[in-house]
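*Asks:* Following this message is one structure expressed as C-alpha cells.
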Amino acid sequence: MSRKKKFQLFENVLVLDAAAKGNSVAKAPDGKIIFLPNAVPGDIVDIQTGRKRKSYYEGKAVKFHKLSDKRTEPVCKYFGVCGGCKWQNLKYDEQLAFKQNEVTNNLIRIGHLELPPVTPILGCEDIYFYRNKMEFSFSSSRWLTLNEINSGKEFENKNALGFHIPRMWDKILDIDQCYLQEDPSNTIRNTIKEFAVKNDISFFNPREQNGVLRTLMIRIASTGEIMVVLQLFQESKEKRELLLQHIADKFPEITSLQYVINAKGNDTIYDQEVIVFEGRDHIFEEMEGLRFKINAKSFYQTNSAQAYELYKITRDFAGLTGNEIVYDLYTGTGTIAQFIAKNAKKVVGVESVPEAIADAKTNAKFNDITNTEFFVGDMAKVFTQDFIEQHGVPDVIITDPPRDGMHKNVVDQILNILPKKIVYVSCNSATQARDLSLLKEKYKIVKTQAVDMFPQTHHVENVVLLELI
C-alpha cells in the first residue's frame with residue numbers, strides 16, 4: 001500500500017528572500033527552507049506544502065496576510081500563468097538588488113573568493129519591450145483558465161498562438177499582448193492568428209502530431225529590420241502561400257519573410273531548410289559601426305541595447321593596447337571578438353557550433369576585420385598546447401561559456417599558459433564561482449560587474465576581471 005503524501009499548512013510565515021529560478025524562500029517552523037513560486041520577499045503568507053525533500057519543502061502561498069512593500073502591480077494580464085516574467089510583481093530596483101546579492105553571494109559562498117569593492121549592477125534602461133527575438137507556438141488545444149473550466153461552457157475554437165505553460169509541453173497559453181518585444185510584434189502575431197482561423201488553416205496538435213501551423217519566430221533588430229519565420233508541420237501549398245502573401249501585404253516593413261516545413265518530432269529548425277518567401281534571408285544588427293548579419297538560425301544576444309553595454313564592460317576590463325593576442329573562448333558568432341578586434345593585435349575565437357563560426361567568419365569579412373581567426377571544435381579538445389603553439393600564447397583570455405561553465409580541461413590549460421588577464425563573462429554566477437575558485441591560486445579578482453540583461457526575470461550576467469598574481 002502506497003504511503004500518502006503528508007502535505008502541511010504553515011500559517012503567518014514571513015517570506016525572507018529571493019531564491020533561484022525566480023522563486024522566493026521562507027523558513028518553516030521546523031527550520032527547513034520552503035521554496036515558493038508565487039510570493040515576494042516581505043509578504044506574510046500561509047503556505048501549503050507540496051513536495052517535501054530531505055532538507056527543504058516546495059510550497060505555494062495560499063493566503064496573503066500582508067503584502068510586501070517591495071511589490072508592484074504586474075502590467076501583463078497573463079502574469080502568474082505564462083511563467084515568462086516571474087518578477088513582474090517585484091519593483092525593478094528590488095529586482096536589481098536581489099540579482100546583485102545573488103552574484104556576490106555565489107562568488108563568496110561557492111567560490112570562497114576575496115572580492116574587491118563590488119561595482120553596482122548595471123540596470124536596463126528599457127524594462128519592457130527589450131527582446132529582439134521572440135518565438136511563439138501554435139496549438140489546436142489551448143490552455144483553458146480555471147474560470148473557463150469552471151464556467152461549464154463548451155469552447156469550439158481552441159486555437160492558440162502564444163507560450164508553453166510551464167512544465168506542460170502540450171499546452172499553449174493564447175497571448176494577445178506581450179510586453180517583451182516592441183511593436184509590430186503583437187500586431188504581426190495577432191494578424192497571423194486571426195487570418196489563419198478565418199481561413200481554416202489548422203494549428204498544430206502536439207499529441208496527435210497533425211496540423212499545419214507549428215511555430216512563429218519574430219526578430220526585430222536595433223536597425224529596425226524585421227524577420228518573420230513561419231514553421232509548418234505539414235505542407236499545404238495553397239494555404240501556406242495564402243497566409244504568407246497576406247503577411248507580406250499587411251506588413252511591407254518586414255525585411256525577411258521565410259518559412260520552414262518541419263515534420264520532425266521536435267520543432268528545432270537548426271537541421272531544417274529555411275526558405276525565403278519574400279525579401280532577404282537575413283537582417284542586420286549594428287553596434288558601433290559594425291554590422292552583424294543575422295539569419296534564421298543565428299545566435300545573437302536577445303537584448304541588443306544591453307548586449308552593447310555588456311560588450312563595452314568586457315572591452316574595458318580587457319584593457320587592450322593593440323599589442324595583445326586575445327583568445328575569445330566560446331565565441332558564439334564572434335560578436336565580442338569583432339567588437340574588441342580594433343583594440344587587439346589578433347583575436348582567436350573558438351566555438352563548438354559550426355553554423356556560429358560560419359556566421360562569425362561572414363561577419364568579420366563583411367566588416368573588413370582582418371585580425372580575427374575563428375575555429376570550430378569542442379573547447380575541451382581544441383584548446384590544446386598544439387593549438388596554442390600554432391596561434392600564439394594569449395596575453396588576454398575572454399571566456400563566455402554556457403550555463404555549465406568551463407570544462408575542467410579548459411581551466412587546466414589556462415593555468416598551464418597563465419595569460420596576464422582573464423575576462424570571464426557568465427550567465428550563471430554559481431558555475432562562474434566554481435571555475436574562479438580553481439583559478440584563485442594564480443589569479444586575483446580585480447573587478448566584478450553584474451549586468452541585467454533580462455528585466456522581470458531572475459536571470460543576470462556577471463563579468464569578472466582576473467589578473468595574474
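Chain lettering (A, B, ...) mirrors the order of the C-alpha cells, residue numbering begins at 1 for each chain separately, and ligand numbering begins at 1 in order of display.
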Do you have, as JSON lines, the list of residues of stretch 437-459 of chain A lying at most 9 Å from stretch 110-113 of chain A, each with its nearest atom pair and that distance in Å to one decimal, counting only C-alpha atoms and ordered by chain then number?
*Replies:*
{"residue": "A:Ser437", "atom": "CA", "partner": "A:Gly111", "partner_atom": "CA", "distance": 4.8}
{"residue": "A:Leu438", "atom": "CA", "partner": "A:Gly111", "partner_atom": "CA", "distance": 8.4}
{"residue": "A:Lys440", "atom": "CA", "partner": "A:Leu113", "partner_atom": "CA", "distance": 7.5}
{"residue": "A:Lys444", "atom": "CA", "partner": "A:Leu113", "partner_atom": "CA", "distance": 8.9}
{"residue": "A:Ile445", "atom": "CA", "partner": "A:Leu113", "partner_atom": "CA", "distance": 8.2}
*Asks:* Go ahead and dump the residues you just picked, C-alpha atoms, as a PDB file, in the first residue's frame.
*Replies:*
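Saved to out06.pdb:
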ATOM      1  CA  SER A 437      37.863  29.038  -7.250  1.00  0.00           C
ATOM      2  CA  LEU A 438      40.066  26.785  -9.416  1.00  0.00           C
ATOM      3  CA  LYS A 440      42.384  31.726  -7.442  1.00  0.00           C
ATOM      4  CA  LYS A 444      43.255  37.739  -8.145  1.00  0.00           C
ATOM      5  CA  ILE A 445      39.861  39.297  -8.837  1.00  0.00           C
TER       6      ILE A 445
END
*Asks:* Give me, as a count of residues only, all polymer residues having an atom no more than 6 Å from stretch 245-262 of chain A, counting only C-alpha atoms and skipping those fewer than 2 positions away in the same chain.
*Replies:* 21
*Asks:* Going by DSSP on the backbone, which residues of stretch 21-252 of chain A come out as alpha helix (DSSP H)? List them as a PyMOL selection string.
*Replies:* chain A and resi 92-109+146-150+185-198+237-250
*Asks:* I'd like the neighbourhood of stretch 303-319 of chain A as a list in words, where a residue qualifies if any of its atoms comes within 7 Å (using only C-alpha atoms), though same-chain residues fewer than 5 positions away should be ignored.
*Replies:*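 So the residues in contact are Cys124, Tyr130, Arg131, Asn132, Ser222, Met287, Ile336, Ile340, Val423, Val451, Met453 and Leu465 of chain A.
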*Asks:* Next, the residues of the selection above should be written as a PDB file, in the first residue's frame with N, CA and C atoms.
*Replies:*
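Written output follows (result.pdb):
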ATOM      1  N   CYS A 124      18.865  47.956 -16.710  1.00  0.00           N
ATOM      2  CA  CYS A 124      18.449  48.095 -18.105  1.00  0.00           C
ATOM      3  C   CYS A 124      17.544  49.320 -18.239  1.00  0.00           C
ATOM      4  N   TYR A 130      12.162  44.764 -24.599  1.00  0.00           N
ATOM      5  CA  TYR A 130      13.608  44.820 -24.812  1.00  0.00           C
ATOM      6  C   TYR A 130      14.144  43.656 -25.636  1.00  0.00           C
ATOM      7  N   ARG A 131      13.354  42.639 -25.907  1.00  0.00           N
ATOM      8  CA  ARG A 131      13.859  41.459 -26.619  1.00  0.00           C
ATOM      9  C   ARG A 131      13.810  41.672 -28.129  1.00  0.00           C
ATOM     10  N   ASN A 132      14.884  41.270 -28.806  1.00  0.00           N
ATOM     11  CA  ASN A 132      14.894  41.376 -30.269  1.00  0.00           C
ATOM     12  C   ASN A 132      14.396  40.105 -30.941  1.00  0.00           C
ATOM     13  N   SER A 222      17.953  46.135 -33.831  1.00  0.00           N
ATOM     14  CA  SER A 222      18.148  47.525 -33.405  1.00  0.00           C
ATOM     15  C   SER A 222      18.159  48.468 -34.600  1.00  0.00           C
ATOM     16  N   MET A 287      26.307  47.703 -34.217  1.00  0.00           N
ATOM     17  CA  MET A 287      26.897  48.088 -32.939  1.00  0.00           C
ATOM     18  C   MET A 287      28.213  48.818 -33.205  1.00  0.00           C
ATOM     19  N   ILE A 336      31.717  39.438 -29.709  1.00  0.00           N
ATOM     20  CA  ILE A 336      32.683  40.079 -28.811  1.00  0.00           C
ATOM     21  C   ILE A 336      34.049  40.174 -29.492  1.00  0.00           C
ATOM     22  N   ILE A 340      36.039  43.809 -30.111  1.00  0.00           N
ATOM     23  CA  ILE A 340      37.310  44.219 -29.488  1.00  0.00           C
ATOM     24  C   ILE A 340      38.485  44.196 -30.473  1.00  0.00           C
ATOM     25  N   VAL A 423      39.071  37.751 -18.695  1.00  0.00           N
ATOM     26  CA  VAL A 423      37.772  38.398 -18.519  1.00  0.00           C
ATOM     27  C   VAL A 423      36.722  37.300 -18.663  1.00  0.00           C
ATOM     28  N   VAL A 451      25.389  42.617 -14.793  1.00  0.00           N
ATOM     29  CA  VAL A 451      24.627  43.331 -15.829  1.00  0.00           C
ATOM     30  C   VAL A 451      23.268  42.671 -15.961  1.00  0.00           C
ATOM     31  N   MET A 453      20.425  41.754 -18.093  1.00  0.00           N
ATOM     32  CA  MET A 453      20.040  41.621 -19.496  1.00  0.00           C
ATOM     33  C   MET A 453      18.540  41.359 -19.655  1.00  0.00           C
ATOM     34  N   LEU A 465      37.005  40.454 -13.905  1.00  0.00           N
ATOM     35  CA  LEU A 465      38.379  40.632 -14.416  1.00  0.00           C
ATOM     36  C   LEU A 465      39.344  39.980 -13.442  1.00  0.00           C
TER      37      LEU A 465
END
*Asks:* Do you know which residues are at most 8 Å from A:Tyr424 counting only C-alpha atoms, after dropping those on the same chain fewer than 3 positions away, and could you put them as a ChimeraX atom specification?
*Replies:* /A:398-400,432,463-466
*Asks:* So that I can check the surroundings of A:Met168, please list as a list in words every protein, DNA and RNA residue that reaches within 12 Å of it, counting only C-alpha atoms and ignoring chain neighbours fewer than 5 positions away.
*Replies:*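 My reading of the contact set: Val81, Cys82, Gly83, Arg142, Trp143, Phe163, Leu173, Pro206 and Arg207 of chain A.
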*Asks:* Can you pull out the residues contacting A:Ala356? Cut-off 7 Å, using only C-alpha atoms, and skip same-chain residues under 6 positions away; I want them as a list of chain:residue names.
*Replies:*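 The neighbour list is A:Ser298, A:Gly332, A:Thr333.
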*Asks:* List every residue of stretch 221-463 of chain A that DSSP, applied to the backbone of this structure, assigns to strand (DSSP E or B), and report them as a PyMOL selection string.
*Replies:* chain A and resi 226-232+256-261+275-279+282-287+290-295+325-329+346-351+372-376+396-399+421-426+443-451+461-463
*Asks:* Which residue out of A:Lys420, A:Arg214, A:Arg403, A:Arg219 has the minimum interatomic distance to A:Gln234 when only C-alpha atoms are used?
*Replies:*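 Counting only C-alpha atoms, the residue closest to A:Gln234 is A:Arg214.
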*Asks:* Which is closer to A:Lys447 than all the others in A:Asp359, A:Asp368, A:Asp46, A:Glu114, using only C-alpha atoms?
*Replies:*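 Comparing A:Asp359, A:Asp368, A:Asp46, A:Glu114 against A:Lys447, the winner is A:Glu114.
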*Asks:* Which residues come within 7 Å of A:Leu161, counting only C-alpha atoms, excluding same-chain residues fewer than 3 positions away, as a VMD selection string?
*Replies:* chain A and resid 136 to 139 174 to 175 193
*Asks:* How would the residues just chosen look if you wrote them out with N, CA, C and O atoms as a short mmCIF file (atom, residue, chain, number, x, y, z; two decimals), in the first residue's frame?
*Replies:*
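Everything below was put into again-v2.cif:
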data_model
loop_
_atom_site.label_atom_id
_atom_site.label_comp_id
_atom_site.auth_asym_id
_atom_site.auth_seq_id
_atom_site.Cartn_x
_atom_site.Cartn_y
_atom_site.Cartn_z
N PHE A 136 6.98 31.89 -30.72
CA PHE A 136 5.63 31.55 -30.28
C PHE A 136 5.23 30.20 -30.88
O PHE A 136 5.70 29.82 -31.95
N SER A 137 4.33 29.51 -30.18
CA SER A 137 3.88 28.19 -30.65
C SER A 137 2.39 28.22 -30.96
O SER A 137 1.60 28.86 -30.26
N PHE A 138 2.01 27.50 -32.02
CA PHE A 138 0.61 27.29 -32.37
C PHE A 138 0.11 26.02 -31.69
O PHE A 138 0.87 25.06 -31.50
N SER A 139 -1.16 25.99 -31.35
CA SER A 139 -1.76 24.77 -30.80
C SER A 139 -3.26 24.77 -31.08
O SER A 139 -3.92 25.80 -31.00
N ASP A 174 -2.77 31.16 -25.01
CA ASP A 174 -3.01 32.11 -26.09
C ASP A 174 -2.71 33.52 -25.61
O ASP A 174 -3.16 33.93 -24.54
N ILE A 175 -1.93 34.26 -26.37
CA ILE A 175 -1.47 35.59 -25.98
C ILE A 175 -1.95 36.62 -27.00
O ILE A 175 -1.75 36.43 -28.21
N LYS A 193 -2.72 34.96 -36.50
CA LYS A 193 -3.69 34.06 -35.89
C LYS A 193 -5.09 34.30 -36.44
O LYS A 193 -5.81 33.35 -36.80
#
*Asks:* For stretch 256-367 of chain A against stretch 371-375 of chain A, with a cut-off of 6 Å and counting only C-alpha atoms, what is the closest atom pair and its distance in Å to one decimal for every residue that makes the cut, ordered by chain and number, as a Markdown table?
*Replies:*
| residue | atom | partner | partner_atom | distance |
| --- | --- | --- | --- | --- |
| A:Lys346 | CA | A:Asn371 | CA | 4.9 |
| A:Val347 | CA | A:Thr372 | CA | 4.7 |
| A:Val348 | CA | A:Glu373 | CA | 4.9 |
| A:Gly349 | CA | A:Phe374 | CA | 4.6 |
| A:Val350 | CA | A:Phe375 | CA | 4.9 |
*Asks:* Selection from above, N, CA and C atoms, as a PDB file, in the first residue's frame, can you write it?
*Replies:*
ATOM      1  N   LYS A 346      45.605  40.505 -32.423  1.00  0.00           N
ATOM      2  CA  LYS A 346      44.903  39.391 -33.060  1.00  0.00           C
ATOM      3  C   LYS A 346      43.907  38.811 -32.070  1.00  0.00           C
ATOM      4  N   VAL A 347      42.748  38.376 -32.592  1.00  0.00           N
ATOM      5  CA  VAL A 347      41.744  37.726 -31.760  1.00  0.00           C
ATOM      6  C   VAL A 347      41.452  36.347 -32.351  1.00  0.00           C
ATOM      7  N   VAL A 348      41.548  35.324 -31.506  1.00  0.00           N
ATOM      8  CA  VAL A 348      41.288  33.944 -31.915  1.00  0.00           C
ATOM      9  C   VAL A 348      40.015  33.475 -31.214  1.00  0.00           C
ATOM     10  N   GLY A 349      38.994  33.132 -31.998  1.00  0.00           N
ATOM     11  CA  GLY A 349      37.725  32.684 -31.438  1.00  0.00           C
ATOM     12  C   GLY A 349      37.516  31.200 -31.642  1.00  0.00           C
ATOM     13  N   VAL A 350      37.003  30.520 -30.614  1.00  0.00           N
ATOM     14  CA  VAL A 350      36.732  29.076 -30.698  1.00  0.00           C
ATOM     15  C   VAL A 350      35.300  28.818 -30.242  1.00  0.00           C
TER      16      VAL A 350
END
*Asks:* Sorted by chain and rising residue number, list the residues of stretch 48-102 of chain A at most 9 Å from stretch 10-21 of chain A (counting only C-alpha atoms), each with its closest atom pair and distance in Å to one decimal, as a tab-separated table.
*Replies:*
residue	atom	partner	partner_atom	distance
A:Gln48	CA	A:Phe10	CA	6.6
A:Thr49	CA	A:Phe10	CA	7.9
A:Lys63	CA	A:Glu11	CA	8.7
A:Phe64	CA	A:Asn12	CA	8.4
A:His65	CA	A:Asn12	CA	7.0
A:Ser68	CA	A:Val15	CA	9.0
A:Lys86	CA	A:Lys21	CA	8.8
A:Phe98	CA	A:Ala18	CA	6.6
A:Lys99	CA	A:Ala18	CA	8.9
A:Glu102	CA	A:Ala19	CA	8.3
*Asks:* Mind writing the picked residues with all heavy atoms as a PDB file, in the first residue's frame?
*Replies:*
ATOM      1  N   GLN A  48       0.889  26.291   1.761  1.00  0.00           N
ATOM      2  CA  GLN A  48       0.537  24.881   1.617  1.00  0.00           C
ATOM      3  C   GLN A  48       1.713  24.164   0.975  1.00  0.00           C
ATOM      4  O   GLN A  48       2.131  24.503  -0.131  1.00  0.00           O
ATOM      5  CB  GLN A  48      -0.700  24.728   0.720  1.00  0.00           C
ATOM      6  CG  GLN A  48      -1.127  23.283   0.490  1.00  0.00           C
ATOM      7  CD  GLN A  48      -1.754  22.673   1.723  1.00  0.00           C
ATOM      8  OE1 GLN A  48      -2.767  23.152   2.214  1.00  0.00           O
ATOM      9  NE2 GLN A  48      -1.140  21.603   2.237  1.00  0.00           N
ATOM     10  N   THR A  49       2.286  23.195   1.700  1.00  0.00           N
ATOM     11  CA  THR A  49       3.423  22.478   1.126  1.00  0.00           C
ATOM     12  C   THR A  49       2.939  21.450   0.112  1.00  0.00           C
ATOM     13  O   THR A  49       1.822  20.924   0.217  1.00  0.00           O
ATOM     14  CB  THR A  49       4.257  21.760   2.207  1.00  0.00           C
ATOM     15  OG1 THR A  49       3.472  20.724   2.799  1.00  0.00           O
ATOM     16  CG2 THR A  49       4.722  22.741   3.256  1.00  0.00           C
ATOM     17  N   LYS A  63      -2.679  32.002   1.120  1.00  0.00           N
ATOM     18  CA  LYS A  63      -3.374  33.148   1.719  1.00  0.00           C
ATOM     19  C   LYS A  63      -2.332  34.208   2.041  1.00  0.00           C
ATOM     20  O   LYS A  63      -1.264  33.899   2.572  1.00  0.00           O
ATOM     21  CB  LYS A  63      -4.125  32.735   2.987  1.00  0.00           C
ATOM     22  CG  LYS A  63      -4.932  33.873   3.608  1.00  0.00           C
ATOM     23  CD  LYS A  63      -5.730  33.384   4.820  1.00  0.00           C
ATOM     24  CE  LYS A  63      -6.540  34.511   5.429  1.00  0.00           C
ATOM     25  NZ  LYS A  63      -7.324  34.052   6.601  1.00  0.00           N
ATOM     26  N   PHE A  64      -2.652  35.459   1.709  1.00  0.00           N
ATOM     27  CA  PHE A  64      -1.732  36.573   1.961  1.00  0.00           C
ATOM     28  C   PHE A  64      -2.288  37.426   3.095  1.00  0.00           C
ATOM     29  O   PHE A  64      -3.344  38.031   2.973  1.00  0.00           O
ATOM     30  CB  PHE A  64      -1.565  37.420   0.693  1.00  0.00           C
ATOM     31  CG  PHE A  64      -0.807  36.720  -0.408  1.00  0.00           C
ATOM     32  CD1 PHE A  64      -1.440  35.780  -1.212  1.00  0.00           C
ATOM     33  CD2 PHE A  64       0.533  36.987  -0.626  1.00  0.00           C
ATOM     34  CE1 PHE A  64      -0.742  35.132  -2.226  1.00  0.00           C
ATOM     35  CE2 PHE A  64       1.238  36.343  -1.626  1.00  0.00           C
ATOM     36  CZ  PHE A  64       0.595  35.408  -2.426  1.00  0.00           C
ATOM     37  N   HIS A  65      -1.548  37.481   4.209  1.00  0.00           N
ATOM     38  CA  HIS A  65      -1.959  38.292   5.353  1.00  0.00           C
ATOM     39  C   HIS A  65      -1.455  39.734   5.218  1.00  0.00           C
ATOM     40  O   HIS A  65      -2.120  40.670   5.645  1.00  0.00           O
ATOM     41  CB  HIS A  65      -1.432  37.680   6.655  1.00  0.00           C
ATOM     42  CG  HIS A  65      -2.017  36.347   6.956  1.00  0.00           C
ATOM     43  ND1 HIS A  65      -3.284  36.173   7.478  1.00  0.00           N
ATOM     44  CD2 HIS A  65      -1.505  35.090   6.787  1.00  0.00           C
ATOM     45  CE1 HIS A  65      -3.534  34.887   7.633  1.00  0.00           C
ATOM     46  NE2 HIS A  65      -2.462  34.203   7.221  1.00  0.00           N
ATOM     47  N   SER A  68       4.069  42.686   0.695  1.00  0.00           N
ATOM     48  CA  SER A  68       5.374  43.338   0.832  1.00  0.00           C
ATOM     49  C   SER A  68       5.378  44.717   0.183  1.00  0.00           C
ATOM     50  O   SER A  68       4.720  44.944  -0.845  1.00  0.00           O
ATOM     51  CB  SER A  68       6.442  42.466   0.174  1.00  0.00           C
ATOM     52  OG  SER A  68       7.664  43.153   0.078  1.00  0.00           O
ATOM     53  N   LYS A  86       8.627  36.149 -14.254  1.00  0.00           N
ATOM     54  CA  LYS A  86       8.245  35.763 -12.891  1.00  0.00           C
ATOM     55  C   LYS A  86       8.379  36.891 -11.880  1.00  0.00           C
ATOM     56  O   LYS A  86       7.807  36.821 -10.792  1.00  0.00           O
ATOM     57  CB  LYS A  86       9.080  34.571 -12.443  1.00  0.00           C
ATOM     58  CG  LYS A  86       8.737  33.289 -13.175  1.00  0.00           C
ATOM     59  CD  LYS A  86       9.522  32.113 -12.625  1.00  0.00           C
ATOM     60  CE  LYS A  86       9.140  30.823 -13.323  1.00  0.00           C
ATOM     61  NZ  LYS A  86       9.911  29.669 -12.820  1.00  0.00           N
ATOM     62  N   PHE A  98      18.307  42.062  -5.658  1.00  0.00           N
ATOM     63  CA  PHE A  98      18.368  40.615  -5.468  1.00  0.00           C
ATOM     64  C   PHE A  98      19.369  39.977  -6.438  1.00  0.00           C
ATOM     65  O   PHE A  98      20.080  39.040  -6.079  1.00  0.00           O
ATOM     66  CB  PHE A  98      16.980  39.992  -5.640  1.00  0.00           C
ATOM     67  CG  PHE A  98      16.074  40.231  -4.456  1.00  0.00           C
ATOM     68  CD1 PHE A  98      14.856  40.870  -4.607  1.00  0.00           C
ATOM     69  CD2 PHE A  98      16.452  39.812  -3.189  1.00  0.00           C
ATOM     70  CE1 PHE A  98      14.031  41.094  -3.509  1.00  0.00           C
ATOM     71  CE2 PHE A  98      15.632  40.027  -2.084  1.00  0.00           C
ATOM     72  CZ  PHE A  98      14.420  40.673  -2.248  1.00  0.00           C
ATOM     73  N   LYS A  99      19.421  40.474  -7.663  1.00  0.00           N
ATOM     74  CA  LYS A  99      20.384  39.933  -8.633  1.00  0.00           C
ATOM     75  C   LYS A  99      21.816  40.216  -8.184  1.00  0.00           C
ATOM     76  O   LYS A  99      22.690  39.344  -8.272  1.00  0.00           O
ATOM     77  CB  LYS A  99      20.112  40.520 -10.021  1.00  0.00           C
ATOM     78  CG  LYS A  99      18.797  40.045 -10.637  1.00  0.00           C
ATOM     79  CD  LYS A  99      18.576  40.598 -12.041  1.00  0.00           C
ATOM     80  CE  LYS A  99      17.214  40.187 -12.561  1.00  0.00           C
ATOM     81  NZ  LYS A  99      17.023  40.451 -13.986  1.00  0.00           N
ATOM     82  N   GLU A 102      22.653  37.897  -5.333  1.00  0.00           N
ATOM     83  CA  GLU A 102      22.858  36.517  -5.777  1.00  0.00           C
ATOM     84  C   GLU A 102      24.268  36.324  -6.325  1.00  0.00           C
ATOM     85  O   GLU A 102      24.964  35.365  -5.981  1.00  0.00           O
ATOM     86  CB  GLU A 102      21.838  36.141  -6.855  1.00  0.00           C
ATOM     87  CG  GLU A 102      22.046  34.727  -7.394  1.00  0.00           C
ATOM     88  CD  GLU A 102      21.178  34.428  -8.604  1.00  0.00           C
ATOM     89  OE1 GLU A 102      19.948  34.583  -8.490  1.00  0.00           O
ATOM     90  OE2 GLU A 102      21.726  34.054  -9.649  1.00  0.00           O
TER      91      GLU A 102
END
